[in-house]
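final27.cif (mmCIF, C-alpha atoms) appears below.
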data_my_file
loop_
_atom_site.label_atom_id
_atom_site.label_comp_id
_atom_site.auth_asym_id
_atom_site.auth_seq_id
_atom_site.Cartn_x
_atom_site.Cartn_y
_atom_site.Cartn_z
CA MET A 1 9.15 28.99 11.83
CA ASN A 2 8.68 30.52 15.29
CA LYS A 3 9.62 29.08 18.69
CA SER A 4 6.13 27.71 19.28
CA MET A 5 6.43 25.31 16.34
CA ARG A 6 9.06 22.87 15.17
CA ALA A 7 9.04 20.37 12.32
CA VAL A 8 10.23 16.83 12.82
CA MET A 9 10.74 14.35 9.99
CA SER A 10 9.59 10.85 10.87
CA GLY A 11 8.87 7.50 9.27
CA ALA A 12 9.64 5.79 5.97
CA ALA A 13 7.43 8.17 4.02
CA GLY A 14 9.01 11.20 5.71
CA LEU A 15 5.80 12.60 7.21
CA ALA A 16 6.14 16.08 8.56
CA ILE A 17 4.97 16.23 12.16
CA VAL A 18 4.43 19.72 13.50
CA ALA A 19 4.18 20.10 17.26
CA CYS A 20 2.74 23.33 18.63
CA ALA A 21 3.73 24.50 22.09
CA SER A 22 0.07 24.89 22.99
CA ASN A 23 -0.63 21.28 22.02
CA ALA A 24 2.69 19.44 22.58
CA GLU A 25 0.94 16.29 23.85
CA GLU A 26 -0.80 15.60 20.53
CA PRO A 27 1.35 16.59 17.55
CA ALA A 28 -0.62 17.43 14.45
CA VAL A 29 0.35 15.25 11.50
CA THR A 30 0.42 16.79 8.08
CA ILE A 31 0.32 14.21 5.30
CA THR A 32 1.40 15.57 1.95
CA GLU A 33 0.77 14.34 -1.57
CA ALA A 34 4.50 13.56 -1.72
CA ASP A 35 4.07 11.26 1.30
CA VAL A 36 1.31 9.38 -0.54
CA VAL A 37 3.41 9.10 -3.70
CA ALA A 38 6.33 7.77 -1.62
CA ALA A 39 4.04 5.16 -0.03
CA GLN A 40 2.77 4.16 -3.48
CA THR A 41 6.33 3.80 -4.76
CA GLU A 42 7.25 1.67 -1.75
CA TRP A 43 4.19 -0.55 -2.33
CA GLY A 44 5.03 -1.03 -6.03
CA GLU A 45 8.67 -1.77 -5.28
CA GLY A 46 7.52 -4.32 -2.70
CA ILE A 47 5.37 -6.16 -5.26
CA VAL A 48 8.31 -6.23 -7.70
CA ALA A 49 10.61 -7.48 -4.91
CA ILE A 50 8.23 -10.32 -4.00
CA SER A 51 8.13 -11.37 -7.67
CA SER A 52 11.91 -11.14 -7.93
CA VAL A 53 12.53 -13.19 -4.79
CA HIS A 54 10.04 -15.79 -6.03
CA SER A 55 11.64 -16.07 -9.48
CA SER A 56 15.12 -16.46 -7.96
CA GLY A 57 13.93 -19.28 -5.67
CA GLY A 58 14.22 -17.23 -2.49
CA ASP A 59 11.92 -16.94 0.54
CA TYR A 60 9.13 -14.97 -1.13
CA GLU A 61 6.76 -15.72 1.76
CA ALA A 62 9.09 -13.86 4.12
CA ARG A 63 9.33 -10.95 1.65
CA ALA A 64 5.54 -10.82 1.28
CA THR A 65 5.15 -10.95 5.06
CA GLU A 66 7.54 -7.99 5.38
CA HIS A 67 5.59 -6.13 2.67
CA ILE A 68 2.26 -6.58 4.44
CA ASN A 69 3.64 -5.85 7.92
CA THR A 70 5.43 -2.71 6.73
CA LEU A 71 2.71 -1.24 4.52
CA TYR A 72 -0.68 -2.41 5.81
CA ALA A 73 -2.36 -1.50 9.11
CA TYR A 74 -3.35 -5.07 10.10
CA GLY A 75 -3.26 -5.34 13.88
CA GLU A 76 -3.48 -1.56 14.27
CA THR A 77 -6.87 -0.75 12.78
CA PRO A 78 -9.41 -2.56 10.59
CA VAL A 79 -8.16 -2.98 7.02
CA MET A 80 -10.58 -3.06 4.11
CA PHE A 81 -8.83 -4.92 1.27
CA LYS A 82 -10.68 -5.94 -1.91
CA PRO A 83 -8.08 -7.41 -4.27
CA THR A 84 -8.38 -7.38 -8.05
CA LEU A 85 -8.53 -11.12 -8.66
CA ALA A 86 -10.77 -12.19 -5.79
CA ALA A 87 -14.29 -13.54 -6.18
CA ALA A 88 -14.97 -16.35 -3.68
CA ASP A 89 -13.11 -14.57 -0.87
CA GLN A 90 -13.73 -10.99 -1.98
CA PHE A 91 -12.53 -9.17 1.12
CA ARG A 92 -9.26 -9.72 2.98
CA GLU A 93 -9.78 -8.50 6.54
CA THR A 94 -6.81 -10.37 8.02
CA PHE A 95 -3.08 -10.57 7.47
CA GLU A 96 -3.39 -14.27 6.58
CA GLU A 97 -5.99 -13.55 3.89
CA ALA A 98 -3.80 -10.80 2.40
CA LEU A 99 -0.77 -13.11 2.40
CA SER A 100 -2.80 -15.80 0.63
CA TYR A 101 -3.75 -13.32 -2.07
CA PHE A 102 -0.18 -12.11 -2.59
CA ILE A 103 1.61 -15.49 -2.65
CA GLY A 104 -1.18 -18.04 -3.23
CA ALA A 105 -2.57 -20.81 -1.07
CA GLU A 106 -3.52 -24.34 -2.04
CA GLY A 107 -7.26 -25.00 -1.96
CA THR A 108 -8.14 -21.33 -2.53
CA GLU A 109 -8.76 -19.12 -5.53
CA ASP A 110 -5.45 -17.40 -4.80
CA SER A 111 -2.71 -18.10 -7.32
CA GLY A 112 -0.33 -15.49 -5.94
CA PHE A 113 -0.77 -12.07 -7.47
CA ALA A 114 2.60 -10.81 -6.24
CA ILE A 115 4.52 -13.82 -7.60
CA SER A 116 3.39 -13.27 -11.20
CA GLY A 117 6.76 -11.99 -12.39
CA TRP A 118 6.01 -8.27 -12.16
CA THR A 119 9.01 -6.11 -13.07
CA ASP A 120 7.57 -2.64 -12.49
CA VAL A 121 4.53 -0.81 -11.12
CA ARG A 122 3.64 2.59 -12.55
CA TRP A 123 1.03 4.85 -10.89
CA GLU A 124 -1.31 7.44 -12.41
CA ASN A 125 -3.22 9.21 -9.68
CA ASN A 126 -6.59 10.65 -10.63
CA GLY A 127 -6.78 12.36 -7.27
CA VAL A 128 -5.07 12.45 -3.90
CA TYR A 129 -6.74 13.67 -0.71
CA THR A 130 -4.59 14.42 2.31
CA GLY A 131 -5.81 15.20 5.79
CA SER A 132 -4.34 15.59 9.21
CA ASP A 133 -4.12 11.86 9.98
CA SER A 134 -5.39 10.07 6.87
CA ALA A 135 -5.08 10.21 3.10
CA MET A 136 -6.73 8.63 0.06
CA ALA A 137 -5.67 8.17 -3.54
CA MET A 138 -7.53 6.90 -6.59
CA GLY A 139 -6.43 6.20 -10.13
CA ASN A 140 -4.79 3.52 -12.22
CA TYR A 141 -1.68 1.51 -11.68
CA TYR A 142 0.08 -0.46 -14.37
CA PHE A 143 1.90 -3.71 -13.68
CA THR A 144 4.67 -4.62 -16.11
CA GLY A 145 4.86 -8.36 -16.68
CA PRO A 146 7.84 -10.51 -17.57
CA ASP A 147 7.05 -10.06 -21.29
CA GLY A 148 7.16 -6.26 -20.97
CA GLY A 149 3.40 -5.87 -21.39
CA GLU A 150 1.41 -3.73 -18.98
CA THR A 151 -1.75 -4.67 -17.10
CA LYS A 152 -3.92 -1.68 -16.16
CA VAL A 153 -5.71 -1.90 -12.82
CA GLU A 154 -7.99 0.67 -11.18
CA TYR A 155 -7.32 1.37 -7.51
CA THR A 156 -8.38 3.24 -4.41
CA PHE A 157 -6.00 3.26 -1.44
CA GLY A 158 -6.62 4.78 1.98
CA TYR A 159 -3.84 5.52 4.44
CA VAL A 160 -3.59 6.19 8.16
CA VAL A 161 -0.59 7.24 10.22
CA ASP A 162 0.74 4.66 12.67
CA ASP A 163 2.31 5.35 16.07
CA GLU A 164 5.77 5.73 14.46
CA GLY A 165 4.49 8.31 11.96
CA ASP A 166 4.49 5.95 8.96
CA LEU A 167 1.67 5.72 6.43
CA LYS A 168 -0.13 2.38 6.55
CA ILE A 169 -2.80 1.13 4.16
CA ASN A 170 -6.22 0.70 5.75
CA LEU A 171 -8.18 0.67 2.48
CA HIS A 172 -7.13 -1.12 -0.70
CA HIS A 173 -9.62 -1.70 -3.49
CA SER A 174 -8.53 -2.64 -6.98
CA SER A 175 -10.30 -3.95 -10.04
CA LEU A 176 -9.78 -4.53 -13.72
CA PRO A 177 -11.26 -1.79 -15.93
CA TYR A 178 -14.78 -2.29 -17.22
CA SER A 179 -14.81 -3.78 -20.68
CA PRO A 180 -18.16 -3.78 -22.49
CA GLU A 181 -18.63 -7.03 -24.38
#

Could I get this structure in the form of structure tokens?
Amino acid sequence: MNKSMRAVMSGAAGLAIVACASNAEEPAVTITEADVVAAQTEWGEGIVAISSVHSSGGDYEARATEHINTLYAYGETPVMFKPTLAAADQFRETFEEALSYFIGAEGTEDSGFAISGWTDVRWENNGVYTGSDSAMAMGNYYFTGPDGGETKVEYTFGYVVDDEGDLKINLHHSSLPYSPE
């Protein structure tokens, strides 16, 4: 690396930010596939943590709030979130709607996806796109339930880089696989 460039590691996902001397005001962000995989792992671990806190009688609402605030771009940019088990309220444009989906809310269709006792989340990426300031991934993720069985879910996630250099979700679409009857 020459004197006109220097690499700086930043953020939970460890994004590499490369600042060029000719453009020091606006560092170019390079998102790698490894950054996306790290963000996916963090998301899955967060879902398992919410389930764990719920099953132990802890403050799962606080844990879900931390999960959303840490990993989603609500308040920073529009977020397009279409959860798996949502029909009446298909799209969750706000933090409050996302929280309702994850932990449930009386009087809604939301029973609390993230408090279902999940013990693991396994990812199989079909493809990962990385760009200078955004990334996308599509594939299947598998949620392990309390009985050890897996539930396969199809997903598409989009990511943007926040002001601290962390990946945040701005697109989350998931659905159960098509099953011809």

Practice item. Work out how far apart atom CA of A:Phe143 and atom CA of A:Pro177 are and give it in Å to one decimal. Key: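 About the pair atom CA of A:Phe143 and atom CA of A:Pro177: they are 13.5 Å apart.
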
Written as a CSV table (one decimal) with C-alpha atoms, in the frame of the given file, which residues does the PyMOL selection byres ((chain A and resi 44-58) around 9) give for the file shown?
chain,number,residue,atom,x,y,z
A,39,ALA,CA,4.0,5.2,0.0
A,40,GLN,CA,2.8,4.2,-3.5
A,41,THR,CA,6.3,3.8,-4.8
A,42,GLU,CA,7.2,1.7,-1.8
A,43,TRP,CA,4.2,-0.6,-2.3
A,59,ASP,CA,11.9,-16.9,0.5
A,60,TYR,CA,9.1,-15.0,-1.1
A,61,GLU,CA,6.8,-15.7,1.8
A,62,ALA,CA,9.1,-13.9,4.1
A,63,ARG,CA,9.3,-11.0,1.6
A,64,ALA,CA,5.5,-10.8,1.3
A,66,GLU,CA,7.5,-8.0,5.4
A,67,HIS,CA,5.6,-6.1,2.7
A,102,PHE,CA,-0.2,-12.1,-2.6
A,103,ILE,CA,1.6,-15.5,-2.6
A,113,PHE,CA,-0.8,-12.1,-7.5
A,114,ALA,CA,2.6,-10.8,-6.2
A,115,ILE,CA,4.5,-13.8,-7.6
A,116,SER,CA,3.4,-13.3,-11.2
A,117,GLY,CA,6.8,-12.0,-12.4
A,118,TRP,CA,6.0,-8.3,-12.2
A,119,THR,CA,9.0,-6.1,-13.1
A,120,ASP,CA,7.6,-2.6,-12.5
A,121,VAL,CA,4.5,-0.8,-11.1
A,122,ARG,CA,3.6,2.6,-12.6
A,123,TRP,CA,1.0,4.8,-10.9
A,143,PHE,CA,1.9,-3.7,-13.7

Review point. Using all atoms listed in the file, what residues lie at most 8 Å away from (-3.5, 7.1, 6.1) (file coordinates), given as a ChimeraX atom specification?
Key: /A:133-136,158-161,167-170

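Relative to atom CA of A:Asn140, atom CA of A:Asn69 is found at 23.8 Å.
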
Practice item. Go through the shown structure with the PyMOL selection byres ((chain A and resi 108) around 12) and write out the matching residues as a PyMOL selection string. Key: chain A and resi 85-90+97+100-101+103-107+109-112

Practice item. State, in Å with one decimal place, the distance from atom CA of A:Arg92 to atom CA of A:Asp166. Key: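 Between atom CA of A:Arg92 and atom CA of A:Asp166 the gap is 21.7 Å.
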
Exercise for review: Can you pull out every residue within 12 Å of A:Gly127, counting all atoms listed in the file, but drop anything in the same chain fewer than 2 positions away, and send it as a ChimeraX atom specification?
Suggested key: /A:33,36-37,123-125,129-130,135-140,155-158

Review point. So which residues are close to (-5.1, -10.7, 9.3), meaning at most 8 Å away in the file's coordinates with only C-alpha atoms counted, and can you show them as a PyMOL selection string?
Key: chain A and resi 74-75+92-98

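With distances restricted to only C-alpha atoms, A:Leu99 is the closest residue to A:Pro83 from A:Ile31, A:Val128, A:Leu71, A:Leu99.
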